[in-house]
Amino acid sequence: DECYHSYIERYFETDPEEKEGCGLYCSFCTGEVKEFTGRFYKDELVSINTMDVFTNGINPKYRCFIKAMKAKKDILFHKEDIPSVRMGPIHAIALQLLPKGIISFSISDKTRIGDETKLNDNHVIVTLPVSKNTRG
C-alpha cells in the first residue's frame, strides 16, 4: 500500500526510482480511502469486469474501463453511496485495483512513451495480469 501518485509514476517510468508520497492529494495519503470510494460491492465489481469489460479476450482502453463502471454504478455501489455528480469514487476504485495487482496498464502506442505531451488516457490499456503465484 502506497501513495497512488507515486505508484503510477513508478509504474510508467523506464528506470523506476523510489518516490515520496504526495502527502495531500490522494485518498491513500490523506487516509480517506474508505470515505472517498464509499461502500461498493466486490462481487458486482468482479461481475462488471468479467461480463462487461474484459470480454472476448479484448483489453479495454482505460476510458472504456471507467465508462463500464459508471454505467453500472447503481448496482456497484451501496444505495446510499452511489456517485451522482462527482465520479471520483469510480476512479478511486480503479486506482486501488492497480497497486493490488488486480489490473495492470500498458501503452497501446509505444512511440508515445517518454513524451507526456503525446500520451493521454486514450493510449492506456487495462489488462489482467498473469498471476505469478502458484498454489498447490
# chains A, B, ... in the order shown; residues from 1 in each chain; ligands from 1
>>> residues_around(residues="stretch 74-77 of chain A", least_positions_apart="6", cutoff="10 Å", atoms="only C-alpha atoms", output="NGL selection string")
:A and (37-48 or 83-84 or 89-90)
>>> write_last_selection(atoms="N, CA and C atoms", output="PDB file, in the first residue's frame")
ATOM      1  N   THR A  37     -14.206   6.319  -1.580  1.00  0.00           N
ATOM      2  CA  THR A  37     -14.874   5.411  -2.511  1.00  0.00           C
ATOM      3  C   THR A  37     -16.310   5.143  -2.108  1.00  0.00           C
ATOM      4  N   GLY A  38     -16.612   5.254  -0.837  1.00  0.00           N
ATOM      5  CA  GLY A  38     -17.923   4.844  -0.372  1.00  0.00           C
ATOM      6  C   GLY A  38     -17.992   3.324  -0.355  1.00  0.00           C
ATOM      7  N   ARG A  39     -19.122   2.821   0.012  1.00  0.00           N
ATOM      8  CA  ARG A  39     -19.300   1.368   0.054  1.00  0.00           C
ATOM      9  C   ARG A  39     -19.653   0.854  -1.326  1.00  0.00           C
ATOM     10  N   PHE A  40     -18.952  -0.167  -1.750  1.00  0.00           N
ATOM     11  CA  PHE A  40     -19.263  -0.802  -3.029  1.00  0.00           C
ATOM     12  C   PHE A  40     -19.224  -2.313  -2.840  1.00  0.00           C
ATOM     13  N   TYR A  41     -19.832  -3.011  -3.790  1.00  0.00           N
ATOM     14  CA  TYR A  41     -19.951  -4.461  -3.704  1.00  0.00           C
ATOM     15  C   TYR A  41     -18.864  -5.133  -4.544  1.00  0.00           C
ATOM     16  N   LYS A  42     -18.000  -5.858  -3.854  1.00  0.00           N
ATOM     17  CA  LYS A  42     -16.887  -6.542  -4.513  1.00  0.00           C
ATOM     18  C   LYS A  42     -17.396  -7.517  -5.577  1.00  0.00           C
ATOM     19  N   ASP A  43     -18.436  -8.281  -5.259  1.00  0.00           N
ATOM     20  CA  ASP A  43     -18.967  -9.251  -6.217  1.00  0.00           C
ATOM     21  C   ASP A  43     -19.469  -8.570  -7.488  1.00  0.00           C
ATOM     22  N   GLU A  44     -20.088  -7.404  -7.338  1.00  0.00           N
ATOM     23  CA  GLU A  44     -20.567  -6.669  -8.512  1.00  0.00           C
ATOM     24  C   GLU A  44     -19.404  -6.126  -9.331  1.00  0.00           C
ATOM     25  N   LEU A  45     -18.348  -5.696  -8.652  1.00  0.00           N
ATOM     26  CA  LEU A  45     -17.158  -5.214  -9.352  1.00  0.00           C
ATOM     27  C   LEU A  45     -16.570  -6.341 -10.202  1.00  0.00           C
ATOM     28  N   VAL A  46     -16.471  -7.521  -9.627  1.00  0.00           N
ATOM     29  CA  VAL A  46     -15.967  -8.682 -10.372  1.00  0.00           C
ATOM     30  C   VAL A  46     -16.887  -8.985 -11.548  1.00  0.00           C
ATOM     31  N   SER A  47     -18.185  -8.968 -11.311  1.00  0.00           N
ATOM     32  CA  SER A  47     -19.164  -9.258 -12.364  1.00  0.00           C
ATOM     33  C   SER A  47     -19.075  -8.254 -13.508  1.00  0.00           C
ATOM     34  N   ILE A  48     -18.991  -6.977 -13.186  1.00  0.00           N
ATOM     35  CA  ILE A  48     -18.884  -5.935 -14.217  1.00  0.00           C
ATOM     36  C   ILE A  48     -17.634  -6.162 -15.059  1.00  0.00           C
ATOM     37  N   PRO A  83     -22.360   7.456  -6.583  1.00  0.00           N
ATOM     38  CA  PRO A  83     -21.921   8.789  -7.018  1.00  0.00           C
ATOM     39  C   PRO A  83     -22.950   9.400  -7.969  1.00  0.00           C
ATOM     40  N   SER A  84     -23.199  10.695  -7.807  1.00  0.00           N
ATOM     41  CA  SER A  84     -24.160  11.340  -8.703  1.00  0.00           C
ATOM     42  C   SER A  84     -23.446  12.292  -9.656  1.00  0.00           C
ATOM     43  N   PRO A  89     -15.208   8.562  -6.851  1.00  0.00           N
ATOM     44  CA  PRO A  89     -15.196   7.226  -6.256  1.00  0.00           C
ATOM     45  C   PRO A  89     -14.937   6.109  -7.266  1.00  0.00           C
ATOM     46  N   ILE A  90     -15.397   6.272  -8.483  1.00  0.00           N
ATOM     47  CA  ILE A  90     -15.162   5.255  -9.512  1.00  0.00           C
ATOM     48  C   ILE A  90     -13.684   5.233  -9.889  1.00  0.00           C
TER      49      ILE A  90
END
>>> select_by_dssp(residues="chain A", states="alpha helix (DSSP H)", output="tab-separated table (two decimals) with C-alpha atoms, in the first residue's frame")
chain	number	residue	atom	x	y	z
A	4	TYR	CA	-1.37	6.32	-5.70
A	5	HIS	CA	0.53	9.13	-7.41
A	6	SER	CA	3.99	7.78	-6.64
A	7	TYR	CA	2.88	4.27	-7.61
A	8	ILE	CA	1.58	5.44	-11.02
A	9	GLU	CA	4.77	7.43	-11.65
A	10	ARG	CA	7.00	4.46	-10.86
A	11	TYR	CA	4.76	2.14	-12.86
A	12	PHE	CA	5.30	4.08	-16.08
A	27	SER	CA	-7.12	9.33	-0.70
A	28	PHE	CA	-4.35	6.95	0.40
A	29	CYS	CA	-2.14	9.77	1.71
A	30	THR	CA	-4.99	11.60	3.40
A	33	VAL	CA	-9.76	5.82	1.22
A	34	LYS	CA	-12.97	4.34	2.62
A	35	GLU	CA	-14.76	7.68	2.74
A	36	PHE	CA	-13.63	8.54	-0.77
A	37	THR	CA	-14.87	5.41	-2.51
A	42	LYS	CA	-16.89	-6.54	-4.51
A	43	ASP	CA	-18.97	-9.25	-6.22
A	44	GLU	CA	-20.57	-6.67	-8.51
A	45	LEU	CA	-17.16	-5.21	-9.35
A	46	VAL	CA	-15.97	-8.68	-10.37
A	47	SER	CA	-19.16	-9.26	-12.36
A	48	ILE	CA	-18.88	-5.94	-14.22
A	62	TYR	CA	-8.79	2.93	-19.54
A	63	ARG	CA	-11.59	5.27	-20.61
A	64	CYS	CA	-13.85	2.30	-21.53
A	65	PHE	CA	-12.96	0.56	-18.28
A	66	ILE	CA	-14.15	3.61	-16.31
A	67	LYS	CA	-17.26	4.04	-18.50
A	68	ALA	CA	-18.32	0.45	-17.80
A	69	MET	CA	-18.19	1.07	-14.06
A	70	LYS	CA	-20.04	4.38	-14.44
A	71	ALA	CA	-22.77	2.67	-16.44
A	73	LYS	CA	-22.78	2.42	-10.70
A	74	ASP	CA	-26.31	1.76	-9.43
A	75	ILE	CA	-25.51	-1.90	-8.80
A	76	LEU	CA	-21.83	-1.40	-7.98
A	88	GLY	CA	-14.13	10.37	-8.12
A	89	PRO	CA	-15.20	7.23	-6.26
A	90	ILE	CA	-15.16	5.26	-9.51
A	91	HIS	CA	-11.65	6.46	-10.36
A	92	ALA	CA	-10.58	5.69	-6.78
A	93	ILE	CA	-11.73	2.09	-7.12
A	94	ALA	CA	-9.88	1.75	-10.42
A	95	LEU	CA	-6.68	3.19	-8.95
A	96	GLN	CA	-6.87	0.83	-5.96
A	97	LEU	CA	-7.00	-2.17	-8.30
>>> closest_residue(among="A:Leu128, A:Pro99, A:Gly57, A:Glu13", to="A:Asp115", atoms="only C-alpha atoms")
A:Glu13
>>> atom_distance(atom1="atom CA of A:Pro60", atom2="atom CA of A:Thr127")
7.5 Å
>>> select_by_dssp(residues="stretch 12-108 of chain A", states="strand (DSSP E or B)", output="list in words")
Phe40, Lys61, Phe77, Ser104, Phe105, Ser106 and Ile107 of chain A
>>> atom_distance(atom1="atom CA of A:Lys19", atom2="atom CA of A:Arg112")
23.0 Å
>>> residues_around(residues="A:Lys110", least_positions_apart="3", cutoff="12 Å", atoms="only C-alpha atoms", output="NGL selection string")
:A and (12 or 106-107 or 113-115 or 118-119 or 123-125)
>>> write_last_selection(atoms="N, CA, C and O atoms", output="compact mmCIF listing (two decimals), in the first residue's frame")
# COMPACT_ATOMS: atom_id res chain seq x y z
N PHE A 12 5.06 3.70 -14.70
CA PHE A 12 5.30 4.08 -16.08
C PHE A 12 6.73 4.54 -16.37
O PHE A 12 7.07 4.78 -17.52
N SER A 106 -0.96 -0.94 -19.79
CA SER A 106 0.05 -0.94 -20.83
C SER A 106 -0.26 0.22 -21.77
O SER A 106 -1.34 0.80 -21.70
N ILE A 107 0.68 0.55 -22.62
CA ILE A 107 0.51 1.66 -23.56
C ILE A 107 0.32 1.08 -24.96
O ILE A 107 1.12 0.27 -25.41
N ILE A 113 5.63 6.78 -25.58
CA ILE A 113 6.30 6.66 -24.28
C ILE A 113 7.47 7.62 -24.23
O ILE A 113 8.26 7.72 -25.16
N GLY A 114 7.59 8.33 -23.13
CA GLY A 114 8.69 9.26 -22.94
C GLY A 114 8.34 10.70 -23.26
O GLY A 114 9.09 11.60 -22.95
N ASP A 115 7.20 10.92 -23.89
CA ASP A 115 6.76 12.28 -24.19
C ASP A 115 5.35 12.46 -23.67
O ASP A 115 4.37 12.09 -24.33
N LYS A 118 2.35 13.75 -25.66
CA LYS A 118 1.71 12.92 -26.69
C LYS A 118 0.93 11.75 -26.09
O LYS A 118 0.27 11.03 -26.82
N LEU A 119 1.02 11.57 -24.79
CA LEU A 119 0.39 10.42 -24.14
C LEU A 119 -0.81 10.88 -23.33
O LEU A 119 -0.72 11.82 -22.56
N HIS A 123 -4.49 6.20 -24.71
CA HIS A 123 -3.42 5.27 -25.05
C HIS A 123 -3.17 4.23 -23.96
O HIS A 123 -2.36 3.33 -24.14
N VAL A 124 -3.85 4.38 -22.83
CA VAL A 124 -3.65 3.46 -21.71
C VAL A 124 -4.64 2.30 -21.84
O VAL A 124 -5.84 2.50 -21.91
N ILE A 125 -4.10 1.09 -21.86
CA ILE A 125 -4.90 -0.13 -21.97
C ILE A 125 -4.89 -0.84 -20.62
O ILE A 125 -3.85 -0.94 -19.96
>>> closest_residue(among="A:Lys72, A:Asp81, A:Asp121, A:Leu98", to="A:Val53", atoms="only C-alpha atoms")
A:Lys72
